[in-house]
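Student: start_17.cif is reproduced below (mmCIF, C-alpha atoms).
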```
data_my_file
#
loop_
_atom_site.label_atom_id
_atom_site.label_comp_id
_atom_site.auth_asym_id
_atom_site.auth_seq_id
_atom_site.Cartn_x
_atom_site.Cartn_y
_atom_site.Cartn_z
CA MET A 179 -14.51 33.63 -1.79
CA PRO A 180 -13.42 30.03 -1.33
CA ASP A 181 -14.43 28.20 1.78
CA ILE A 182 -12.02 29.16 4.56
CA GLU A 183 -12.38 25.70 6.08
CA ARG A 184 -11.04 24.14 2.93
CA VAL A 185 -8.26 26.65 2.48
CA ASN A 186 -7.12 26.02 6.01
CA LYS A 187 -6.34 22.43 5.18
CA VAL A 188 -3.95 23.35 2.39
CA LYS A 189 -0.85 25.24 3.23
CA PRO A 190 1.16 26.42 0.23
CA THR A 191 4.19 24.25 -0.19
CA ASP A 192 5.89 25.89 -3.14
CA GLU A 193 8.45 28.17 -1.56
CA GLU A 194 8.63 30.48 -4.52
CA ASP A 195 4.87 30.98 -4.63
CA GLU A 196 4.74 31.42 -0.92
CA ALA A 197 7.46 34.08 -0.92
CA LYS A 198 5.83 35.91 -3.81
CA LEU A 199 2.45 35.77 -2.16
CA ALA A 200 3.84 36.96 1.14
CA GLY A 201 5.50 39.96 -0.51
CA LEU A 202 2.38 40.97 -2.38
CA ILE A 203 0.13 40.66 0.60
CA ALA A 204 2.48 42.55 2.86
CA MET A 205 2.64 45.37 0.34
CA ALA A 206 -1.08 45.42 -0.25
CA CYS A 207 -2.09 45.24 3.35
CA GLY A 208 0.36 47.93 4.32
CA ALA A 209 -1.98 50.40 2.68
CA PHE A 210 -4.68 49.30 5.06
CA GLY A 211 -2.44 49.76 8.07
CA ALA A 212 -3.18 46.09 8.72
CA THR A 213 -0.75 43.35 9.73
CA PRO A 214 -1.32 39.96 8.14
CA ASP A 215 0.09 36.85 9.68
CA LEU A 216 2.16 35.57 6.78
CA ASN A 217 2.67 32.18 8.36
CA ASP A 218 -1.04 31.53 8.46
CA PRO A 219 -2.39 30.26 5.11
CA VAL A 220 -5.92 31.36 5.97
CA THR A 221 -4.86 34.92 6.65
CA CYS A 222 -2.66 35.00 3.57
CA TYR A 223 -5.45 33.74 1.42
CA SER A 224 -7.84 36.27 2.94
CA GLY A 225 -5.28 38.93 2.19
CA VAL A 226 -5.26 38.07 -1.50
CA ASP A 227 -9.00 38.01 -1.63
CA LEU A 228 -9.26 41.31 0.19
CA VAL A 229 -6.77 43.05 -2.05
CA LEU A 230 -8.45 41.71 -5.17
CA HIS A 231 -11.76 42.88 -3.90
CA CYS A 232 -10.48 46.41 -3.42
CA CYS A 233 -8.35 46.63 -6.54
CA THR A 234 -10.95 45.39 -8.97
CA GLN A 235 -13.53 47.89 -7.74
CA GLY A 236 -11.30 50.92 -8.31
CA THR A 237 -11.10 53.98 -6.13
CA GLU A 238 -14.73 54.89 -6.19
CA GLY A 239 -15.89 51.36 -5.77
CA TRP A 240 -13.54 50.84 -2.92
CA VAL A 241 -14.63 53.97 -1.13
CA ALA A 242 -18.22 53.09 -1.77
CA SER A 243 -17.71 49.67 -0.29
CA VAL A 244 -16.52 51.07 2.99
CA ASN A 245 -19.54 50.13 4.92
CA SER A 246 -20.18 48.10 7.95
CA ALA A 247 -20.54 44.82 6.06
CA PHE A 248 -17.16 45.24 4.41
CA SER A 249 -15.52 46.31 7.66
CA ASN A 250 -16.80 43.23 9.38
CA ALA A 251 -15.57 41.08 6.52
CA VAL A 252 -12.10 42.61 6.81
CA ALA A 253 -12.02 42.08 10.53
CA SER A 254 -13.19 38.49 10.22
CA ARG A 255 -10.41 37.64 7.75
CA GLY A 256 -7.74 37.56 10.33
CA PHE A 257 -6.09 40.98 10.02
CA VAL A 258 -4.66 42.52 13.13
CA VAL A 259 -5.73 46.11 13.50
CA PRO A 260 -2.90 48.26 14.90
CA SER A 261 -3.61 49.38 18.42
CA GLY A 262 -5.17 52.82 18.61
CA THR A 263 -6.73 52.41 15.18
CA THR A 264 -10.48 52.51 15.08
CA MET A 265 -12.47 50.72 12.46
CA THR A 266 -13.46 54.06 11.04
CA ASP A 267 -9.84 55.17 10.66
CA TRP A 268 -8.97 51.92 9.04
CA THR A 269 -11.76 51.73 6.54
CA CYS A 270 -11.34 55.40 5.64
CA GLY A 271 -7.62 54.97 4.85
CA PRO A 272 -5.96 56.51 1.76
CA PRO A 273 -8.62 55.78 -0.85
CA SER A 274 -6.94 57.53 -3.75
CA ALA A 275 -3.49 56.00 -3.41
CA PHE A 276 -4.39 52.44 -2.62
CA PRO A 277 -6.02 51.08 -5.78
CA ARG A 278 -3.75 52.92 -8.24
CA GLU A 279 -0.65 51.77 -6.49
CA LEU A 280 -1.75 48.20 -6.44
CA SER A 281 -3.56 47.90 -9.74
CA ARG A 282 -0.43 46.56 -11.46
CA TYR A 283 -0.43 43.61 -9.10
CA VAL A 284 -3.98 42.60 -9.85
CA VAL A 285 -3.07 40.08 -12.54
CA GLN A 286 -0.39 38.54 -10.37
CA LEU A 287 -2.75 38.36 -7.43
CA GLN A 288 -5.46 36.80 -9.54
CA ARG A 289 -2.97 34.19 -10.75
CA VAL A 290 -1.91 33.37 -7.24
CA ASN A 291 -5.51 33.24 -6.19
CA GLN A 292 -6.32 30.85 -9.00
CA THR A 293 -3.31 28.70 -8.16
CA LEU A 294 -4.44 28.44 -4.59
CA GLU A 295 -7.99 27.56 -5.55
CA THR A 296 -6.76 24.91 -7.96
CA ARG A 297 -4.50 23.48 -5.33
CA VAL A 298 -7.34 23.34 -2.83
CA GLU A 299 -9.58 21.54 -5.29
CA LYS A 300 -6.82 19.13 -6.29
CA GLU A 301 -5.91 18.34 -2.72
CA LEU A 302 -9.53 17.80 -1.79
CA THR A 303 -10.10 15.53 -4.77
CA GLU A 304 -7.03 13.49 -3.98
CA PHE A 305 -7.92 13.41 -0.31
CA ARG A 306 -11.44 12.08 -0.82
CA MET A 307 -10.29 8.79 -2.30
CA TYR A 308 -8.26 8.10 0.84
CA LEU A 309 -11.08 8.98 3.19
CA PRO A 310 -12.61 5.47 3.50
CA THR A 311 -9.17 4.01 4.19
CA ILE A 312 -8.47 6.70 6.77
CA ARG A 313 -11.80 6.02 8.47
CA LYS A 314 -11.07 2.30 8.48
CA LEU A 315 -7.57 2.85 9.90
CA THR A 316 -8.94 5.19 12.53
CA ARG A 317 -11.43 2.55 13.65
CA GLU A 318 -8.70 -0.09 13.73
CA TYR A 319 -6.36 2.22 15.58
CA GLY A 320 -9.01 2.95 18.20
CA SER A 321 -9.65 -0.74 18.66
CA ALA A 322 -5.95 -1.62 18.80
CA ALA A 323 -5.24 1.23 21.22
CA SER A 324 -7.79 -0.08 23.67
CA ARG A 325 -6.33 -3.61 23.38
CA VAL A 326 -2.79 -2.30 23.90
CA SER A 327 -3.99 -0.30 26.88
CA ALA A 328 -5.46 -3.44 28.43
CA VAL A 329 -2.23 -5.38 27.82
CA LEU A 330 -0.17 -2.59 29.34
CA THR A 331 -2.41 -2.48 32.37
CA ARG A 332 -1.97 -6.21 32.88
CA LEU A 333 1.79 -5.96 32.35
CA GLY A 334 2.01 -3.00 34.71
CA ARG A 335 0.22 -5.03 37.35
CA LYS A 336 2.80 -7.79 36.96
CA TYR A 337 5.82 -5.53 36.49
CA ASP A 338 5.90 -3.49 39.63
CA PRO A 339 9.47 -2.56 40.71
CA PRO A 340 8.57 -1.50 44.29
CA GLU A 341 6.64 -4.71 44.77
CA ALA A 342 9.53 -6.68 43.23
CA TRP A 343 11.94 -5.07 45.68
CA LYS A 344 9.75 -6.12 48.61
CA ILE A 345 9.82 -9.69 47.28
CA ALA A 346 13.59 -9.44 46.84
CA GLU A 347 14.10 -8.27 50.43
CA LYS A 348 11.94 -11.11 51.65
CA LYS A 349 13.33 -13.93 49.49
CA ASP A 350 16.93 -12.93 48.87
CA ALA A 351 18.11 -11.87 52.31
CA LEU A 352 20.65 -14.55 53.22
CA PRO A 353 20.24 -16.41 56.50
CA GLY A 354 24.00 -16.63 56.97
CA PRO A 355 27.29 -15.94 55.20
CA PRO A 356 27.30 -17.63 51.80
CA GLY A 357 29.76 -20.38 51.03
CA ASP A 358 32.97 -20.21 49.04
CA GLU A 359 31.18 -20.83 45.78
CA TYR A 360 29.87 -17.28 46.02
CA SER A 361 33.31 -15.72 46.37
CA GLU A 362 32.69 -13.73 43.20
CA ILE A 363 30.13 -11.53 44.94
CA MET A 364 31.68 -11.68 48.40
CA MET B 124 52.36 6.09 36.75
CA ALA B 125 49.33 4.73 38.55
CA ALA B 126 45.88 6.11 39.15
CA THR B 127 45.14 8.58 41.90
CA GLY B 128 43.70 6.13 44.38
CA ILE B 129 41.59 7.47 47.22
CA PRO B 130 40.43 5.00 49.88
CA PHE B 131 36.82 5.42 50.96
CA ALA B 132 38.05 6.43 54.41
CA ASP B 133 39.96 9.40 52.90
CA TYR B 134 37.03 10.67 50.88
CA ALA B 135 36.52 13.75 53.03
CA ASN B 136 40.18 14.79 52.71
CA HIS B 137 40.10 15.28 48.94
CA PRO B 138 38.27 17.65 46.59
CA LYS B 139 34.82 16.28 45.78
CA PRO B 140 34.10 15.03 42.28
CA LYS B 141 31.16 16.49 40.38
CA ARG B 142 30.21 13.30 38.64
CA LEU B 143 31.15 9.87 39.94
CA TYR B 144 31.07 6.81 37.68
CA LEU B 145 29.99 3.66 39.50
CA ASP B 146 31.72 0.46 38.50
CA SER B 147 29.52 -2.61 38.78
CA SER B 148 31.60 -4.14 41.59
CA PHE B 149 30.67 -1.19 43.81
CA VAL B 150 26.98 -1.36 42.88
CA ILE B 151 26.90 -5.11 43.47
CA ALA B 152 28.32 -4.57 46.96
CA LEU B 153 25.74 -1.87 47.59
CA LEU B 154 22.95 -4.14 46.40
CA PHE B 155 24.26 -6.92 48.63
CA TYR B 156 24.25 -4.54 51.60
CA GLU B 157 20.67 -3.40 50.94
CA LEU B 158 19.40 -6.96 50.66
CA ASN B 159 21.15 -8.15 53.81
CA LYS B 160 21.38 -5.11 56.06
CA ALA B 161 18.94 -6.70 58.48
CA ASN B 162 21.40 -9.51 59.10
CA PRO B 163 24.82 -7.92 59.85
CA PRO B 164 26.73 -11.21 60.23
CA VAL B 165 26.25 -11.80 56.50
CA LEU B 166 27.93 -8.53 55.60
CA ARG B 167 31.63 -8.13 54.98
CA PRO B 168 33.47 -4.89 55.79
CA LYS B 169 33.51 -3.91 52.10
CA HIS B 170 29.70 -3.99 51.99
CA SER B 171 29.35 -1.63 54.93
CA ALA B 172 32.18 0.55 53.63
CA SER B 173 30.46 0.78 50.25
CA PHE B 174 27.20 1.80 51.86
CA ASN B 175 28.88 4.43 54.05
CA PHE B 176 30.73 5.82 51.04
CA TYR B 177 27.47 5.88 49.07
CA GLN B 178 25.78 7.84 51.84
CA ALA B 179 28.65 10.33 51.94
CA VAL B 180 28.63 11.06 48.21
CA LEU B 181 24.85 11.20 48.18
CA SER B 182 24.75 13.75 50.97
CA ASP B 183 27.32 15.83 49.08
CA GLY B 184 24.99 15.98 46.10
CA ILE B 185 27.44 14.25 43.77
CA ASP B 186 26.03 13.12 40.45
CA LEU B 187 26.10 9.32 40.53
CA THR B 188 26.23 7.82 37.10
CA GLY B 189 26.49 4.35 35.66
CA SER B 190 26.30 2.95 32.18
CA ILE B 191 24.35 0.20 30.52
CA LEU B 192 27.41 -1.96 31.15
CA THR B 193 27.09 -1.25 34.89
CA TYR B 194 23.42 -2.15 34.75
CA SER B 195 23.90 -5.35 32.75
CA GLU B 196 26.71 -6.60 34.99
CA VAL B 197 24.71 -5.94 38.15
CA LEU B 198 21.66 -7.59 36.65
CA HIS B 199 23.71 -10.61 35.61
CA HIS B 200 25.20 -10.99 39.08
CA TYR B 201 21.89 -10.66 40.85
CA CYS B 202 19.95 -12.94 38.52
CA PHE B 203 22.63 -15.56 37.93
CA VAL B 204 25.45 -15.43 40.49
CA TYR B 205 23.68 -14.32 43.68
CA PRO B 206 22.46 -17.20 45.87
CA GLY B 207 19.21 -18.61 44.54
CA GLY B 208 19.95 -17.32 41.03
CA MET B 209 19.98 -19.17 37.74
CA PHE B 210 23.38 -20.75 38.37
CA ASP B 211 22.05 -22.31 41.58
CA LEU B 212 18.86 -23.43 39.84
CA ALA B 213 20.89 -24.94 37.01
CA LYS B 214 23.15 -26.70 39.52
CA ASN B 215 20.10 -28.19 41.24
CA TYR B 216 18.70 -29.33 37.90
CA CYS B 217 21.96 -30.96 36.82
CA ALA B 218 22.22 -32.74 40.16
CA ALA B 219 18.63 -33.99 40.02
CA ALA B 220 18.89 -35.05 36.37
CA ALA B 221 22.35 -36.55 36.86
CA VAL B 222 23.73 -34.47 34.04
CA SER B 223 27.41 -35.03 33.44
CA GLY B 224 29.93 -33.08 31.44
CA ALA B 225 29.06 -29.71 32.87
CA ASN B 226 31.46 -28.37 35.45
CA THR B 227 31.27 -24.60 35.60
CA PRO B 228 28.07 -22.74 36.53
CA GLN B 229 27.93 -21.39 32.98
CA GLU B 230 28.15 -24.88 31.47
CA LYS B 231 25.47 -26.17 33.84
CA PHE B 232 23.17 -23.34 32.89
CA LYS B 233 23.71 -24.00 29.17
CA MET B 234 23.00 -27.66 29.76
CA PHE B 235 19.82 -26.80 31.67
CA LEU B 236 18.63 -24.57 28.84
CA LYS B 237 19.46 -27.09 26.12
CA ARG B 238 18.03 -30.19 27.79
CA ASP B 239 14.83 -28.81 29.28
CA GLN B 240 13.84 -25.39 28.06
CA PRO B 241 10.34 -25.39 29.67
CA ALA B 242 11.85 -26.20 33.07
CA CYS B 243 14.53 -23.57 32.52
CA ASP B 244 11.85 -20.98 31.65
CA ALA B 245 9.85 -21.99 34.71
CA ALA B 246 12.94 -21.66 36.89
CA TRP B 247 13.58 -18.21 35.46
CA GLN B 248 10.02 -17.16 36.26
CA THR B 249 10.64 -17.89 39.92
CA ILE B 250 13.36 -15.23 40.05
CA ALA B 251 12.16 -12.89 37.30
CA TYR B 252 11.19 -10.34 39.97
CA ARG B 253 14.92 -9.66 40.32
CA VAL B 254 14.87 -7.70 37.05
CA ALA B 255 12.27 -5.24 38.32
CA ALA B 256 13.96 -5.21 41.73
CA THR B 257 17.26 -4.23 40.10
CA GLU B 258 15.53 -1.41 38.25
CA HIS B 259 13.95 -0.27 41.49
CA PHE B 260 17.32 -0.41 43.23
CA PHE B 261 19.00 1.87 40.66
CA SER B 262 16.07 4.23 40.68
CA THR B 263 15.78 4.60 44.45
CA HIS B 264 19.54 5.00 44.86
CA ASN B 265 19.70 7.94 42.43
CA ILE B 266 22.10 6.13 40.12
CA VAL B 267 21.48 7.52 36.66
CA LEU B 268 22.30 5.22 33.77
CA ARG B 269 23.71 7.14 30.85
CA SER B 270 24.99 6.36 27.38
CA PRO B 271 27.60 8.44 25.58
CA LEU B 272 25.79 10.38 22.89
CA PRO B 273 27.11 11.21 19.43
CA SER B 274 28.30 14.75 18.87
CA PRO B 275 29.61 16.57 15.79
CA LEU B 276 33.11 15.59 16.82
CA LEU B 277 32.17 12.02 17.68
CA THR B 278 30.27 10.69 14.75
CA ASN B 279 30.73 7.08 15.76
CA VAL B 280 30.83 7.31 19.52
CA THR B 281 30.50 3.59 20.17
CA LYS B 282 33.58 2.93 18.08
CA ASP B 283 35.43 5.72 19.85
CA VAL B 284 34.53 4.34 23.29
CA LEU B 285 35.81 0.91 22.31
CA ASN B 286 38.91 2.32 20.64
CA TYR B 287 39.79 4.19 23.81
CA ALA B 288 39.10 1.07 25.89
CA SER B 289 41.49 -0.92 23.69
CA ILE B 290 44.15 1.76 24.13
CA LEU B 291 43.68 1.53 27.90
CA LYS B 292 43.89 -2.24 27.80
CA ASP B 293 47.07 -2.00 25.76
CA ALA B 294 48.63 0.50 28.17
CA PHE B 295 47.48 -1.08 31.44
CA VAL B 296 47.57 -4.83 31.00
CA ALA B 297 46.55 -5.56 34.60
CA ILE B 298 43.06 -4.18 34.01
CA GLU B 299 40.40 -6.54 32.72
CA ALA B 300 38.98 -5.77 29.29
CA THR B 301 35.48 -4.95 30.58
CA ASP B 302 36.98 -2.68 33.22
CA CYS B 303 38.76 -0.79 30.42
CA VAL B 304 35.33 -0.30 28.84
CA HIS B 305 34.09 1.06 32.17
CA LEU B 306 36.99 3.52 32.31
CA SER B 307 36.42 4.57 28.72
CA LEU B 308 32.70 5.04 29.37
CA ALA B 309 33.49 7.06 32.50
CA THR B 310 35.66 9.35 30.38
CA TYR B 311 33.07 9.77 27.66
CA LEU B 312 30.38 10.39 30.29
CA ASP B 313 32.46 13.25 31.65
CA SER B 314 32.98 11.69 35.08
CA ASP B 315 35.83 13.07 37.15
CA ALA B 316 36.24 9.92 39.20
CA VAL B 317 35.37 6.23 39.31
CA VAL B 318 34.35 4.20 42.35
CA THR B 319 35.13 0.50 42.36
CA LEU B 320 36.03 -2.44 44.56
CA ASP B 321 38.28 -3.84 41.87
CA LEU B 322 41.85 -2.88 42.74
CA GLY B 323 43.00 -3.48 39.17
CA PHE B 324 41.63 -0.03 38.39
CA LEU B 325 44.37 1.50 40.51
CA THR B 326 46.95 0.91 37.81
CA ALA B 327 45.17 3.15 35.33
CA ASP B 328 46.78 6.54 34.96
CA PRO B 329 45.47 9.30 35.09
CA PHE B 330 42.12 8.30 36.55
CA LYS B 331 40.95 9.22 40.03
CA ILE B 332 39.73 6.02 41.67
CA TYR B 333 37.79 5.71 44.93
CA TYR B 334 38.24 2.24 46.38
CA THR B 335 38.24 0.07 49.46
CA SER B 336 40.42 -2.93 50.00
#
```
As structure tokens, please, write out the structure in this file.

Tutor:
Amino acid sequence: MPDIERVNKVKPTDEEDEAKLAGLIAMACGAFGATPDLNDPVTCYSGVDLVLHCCTQGTEGWVASVNSAFSNAVASRGFVVPSGTTMTDWTCGPPSAFPRELSRYVVQLQRVNQTLETRVEKELTEFRMYLPTIRKLTREYGSAASRVSAVLTRLGRKYDPPEAWKIAEKKDALPGPPGDEYSEIM
Amino acid sequence: MAATGIPFADYANHPKPKRLYLDSSFVIALLFYELNKANPPVLRPKHSASFNFYQAVLSDGIDLTGSILTYSEVLHHYCFVYPGGMFDLAKNYCAAAAVSGANTPQEKFKMFLKRDQPACDAAWQTIAYRVAATEHFFSTHNIVLRSPLPSPLLTNVTKDVLNYASILKDAFVAIEATDCVHLSLATYLDSDAVVTLDLGFLTADPFKIYYTS
């Protein structure tokens, strides 16, 4: 099982893969009576892993694995249990139909799983080389943000429209009618 | 055909507009009133009439809108033309420095800026509060400044506004070019009427113009 934290950082971008993956997971998880969130890469990935786990162990293995540890693992992988369904109902679903029906998808699922793992590793590798730069930029941004904040505070103190209007009322009220040279505004 | 002209005094006798476009001449009069309301002898009837009209439309909940052109013209008048503005400061400079060859206020200001930029900047700083004061004035008087926005049918809205203004100028020669832009903007901002103190607007068919003479 790949690290969920890492998977979470990489959302599939290939639309074809994503659509294929979504279809497979929806079909597989339907047998569980579970509802995966197909927009959530973590849940999708967990769905693949879960289905692989069940399919590769066969009927007997799957039934045998219905224990509390497995149930907790299923629940922790982001599936939404339909209301009114107890954990016992869920884990004791249709054991005979599930693996046989899905066994033909195992290879496809494994391929998708591998693709995802490769993508995670690739993204992480590429990301690491940028990390020092990102840290440096973050430090600079923090420093610049505080400087900008100080400048804005000073500007705000100077640029105060209500205060400016008070000054205007005080300085620009005319003592008497203006002369002819101001006919444009009179 | 002329515009449908409605004097301020007849405002109550006509159907109310939903959105009223404010020409800069009206806003300048309103600003003048607000600055000098404590000294009534300074005010002319048009200033008081503008303020009374403003109060009437405000109490009727009419959407008061202006454009960037309204704002820039008001700002220019307050900062340059209004007593104590840059034109006065430039005139004082030219008199003190015995500058010749500049006759109009605009020429004197240009001369001021060219000959002594630090002094010109310093003079500007003494009245720079007028910019923030203008902003405060628009804000506290519920005058919303809007710009026509592009839409699928108006891919180049600026060009369309100017094209319409040029058509208006061509059709109604008595209206000044910038006033044609105001009328075009009022149309594109979906205003049903325009308020102005400039009587040239009254020649523009088919606009509804609120005015005072």

Student: Could you expand the PyMOL selection byres ((chain A) within 7 of (chain B)) into the explicit residues it covers here, written as a VMD selection string?

Tutor: chain A and resid 337 to 340 342 to 343 346 to 347 350 to 352 354 to 355

Student: Rounded to one decimal in Å, what is the spacing between atom CA of B:Asn136 and atom CA of B:Ala179?

Tutor: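 These two atoms are separated by 12.4 Å.
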
Student: Could you tell me how far atom CA of B:Val284 sits from atom CA of B:Gly128, in Å to one decimal place?

Tutor: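 Between atom CA of B:Gly128 and atom CA of B:Val284 the gap is 23.1 Å.
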
Student: By how many Å are atom CA of B:Ala172 and atom CA of B:Asp313 apart?

Tutor: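 Taking atom CA of B:Ala172 as the start and atom CA of B:Asp313 as the end point, the length is 25.4 Å.
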
Student: Using the chain letters and numbering of this document, enumerate as a PyMOL selection string the residues selected by the PyMOL selection byres ((chain B and resi 299) around 12).

Tutor: chain B and resi 288-289+291-298+300-306+321-327

Student: Going by the chain IDs and residue numbers used in this file, which residues fall under the PyMOL selection byres ((chain B and resi 188) around 12)? Write them as a PDB file with C-alpha atoms, keeping the file's coordinate frame.

Tutor:
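Dumped everything to selection-v7.pdb:
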```
ATOM      1  CA  PRO B 140      34.100  15.030  42.280  1.00  0.00           C
ATOM      2  CA  LYS B 141      31.160  16.490  40.380  1.00  0.00           C
ATOM      3  CA  ARG B 142      30.210  13.300  38.640  1.00  0.00           C
ATOM      4  CA  LEU B 143      31.150   9.870  39.940  1.00  0.00           C
ATOM      5  CA  TYR B 144      31.070   6.810  37.680  1.00  0.00           C
ATOM      6  CA  LEU B 145      29.990   3.660  39.500  1.00  0.00           C
ATOM      7  CA  ASP B 146      31.720   0.460  38.500  1.00  0.00           C
ATOM      8  CA  SER B 147      29.520  -2.610  38.780  1.00  0.00           C
ATOM      9  CA  VAL B 150      26.980  -1.360  42.880  1.00  0.00           C
ATOM     10  CA  VAL B 180      28.630  11.060  48.210  1.00  0.00           C
ATOM     11  CA  LEU B 181      24.850  11.200  48.180  1.00  0.00           C
ATOM     12  CA  ILE B 185      27.440  14.250  43.770  1.00  0.00           C
ATOM     13  CA  ASP B 186      26.030  13.120  40.450  1.00  0.00           C
ATOM     14  CA  LEU B 187      26.100   9.320  40.530  1.00  0.00           C
ATOM     15  CA  GLY B 189      26.490   4.350  35.660  1.00  0.00           C
ATOM     16  CA  SER B 190      26.300   2.950  32.180  1.00  0.00           C
ATOM     17  CA  ILE B 191      24.350   0.200  30.520  1.00  0.00           C
ATOM     18  CA  LEU B 192      27.410  -1.960  31.150  1.00  0.00           C
ATOM     19  CA  THR B 193      27.090  -1.250  34.890  1.00  0.00           C
ATOM     20  CA  TYR B 194      23.420  -2.150  34.750  1.00  0.00           C
ATOM     21  CA  PHE B 261      19.000   1.870  40.660  1.00  0.00           C
ATOM     22  CA  SER B 262      16.070   4.230  40.680  1.00  0.00           C
ATOM     23  CA  HIS B 264      19.540   5.000  44.860  1.00  0.00           C
ATOM     24  CA  ASN B 265      19.700   7.940  42.430  1.00  0.00           C
ATOM     25  CA  ILE B 266      22.100   6.130  40.120  1.00  0.00           C
ATOM     26  CA  VAL B 267      21.480   7.520  36.660  1.00  0.00           C
ATOM     27  CA  LEU B 268      22.300   5.220  33.770  1.00  0.00           C
ATOM     28  CA  ARG B 269      23.710   7.140  30.850  1.00  0.00           C
ATOM     29  CA  SER B 270      24.990   6.360  27.380  1.00  0.00           C
ATOM     30  CA  PRO B 271      27.600   8.440  25.580  1.00  0.00           C
ATOM     31  CA  HIS B 305      34.090   1.060  32.170  1.00  0.00           C
ATOM     32  CA  LEU B 308      32.700   5.040  29.370  1.00  0.00           C
ATOM     33  CA  ALA B 309      33.490   7.060  32.500  1.00  0.00           C
ATOM     34  CA  THR B 310      35.660   9.350  30.380  1.00  0.00           C
ATOM     35  CA  TYR B 311      33.070   9.770  27.660  1.00  0.00           C
ATOM     36  CA  LEU B 312      30.380  10.390  30.290  1.00  0.00           C
ATOM     37  CA  ASP B 313      32.460  13.250  31.650  1.00  0.00           C
ATOM     38  CA  SER B 314      32.980  11.690  35.080  1.00  0.00           C
ATOM     39  CA  ASP B 315      35.830  13.070  37.150  1.00  0.00           C
ATOM     40  CA  ALA B 316      36.240   9.920  39.200  1.00  0.00           C
ATOM     41  CA  VAL B 317      35.370   6.230  39.310  1.00  0.00           C
ATOM     42  CA  VAL B 318      34.350   4.200  42.350  1.00  0.00           C
TER      43      VAL B 318
END
```

Student: May I have the centre and edge lengths, in Å to one decimal, of an axis-aligned box around the listed atoms of stretch 341-356 of chain A with 4 Å added to every side, as JSON?

Tutor:
```
{"center_x": 17.0, "center_y": -11.2, "center_z": 50.1, "size_x": 28.7, "size_y": 20.9, "size_z": 21.7}
```

Student: Can you list, as a PDB file with C-alpha atoms, in the coordinates of the input, every protein, DNA or RNA residue that comes within 6 Å of B:Ala213 when you count all atoms listed in the file, leaving out same-chain residues fewer than 5 positions away?

Tutor:
```pdb
ATOM      1  CA  LYS B 231      25.470 -26.170  33.840  1.00  0.00           C
ATOM      2  CA  PHE B 232      23.170 -23.340  32.890  1.00  0.00           C
ATOM      3  CA  PHE B 235      19.820 -26.800  31.670  1.00  0.00           C
TER       4      PHE B 235
END
```
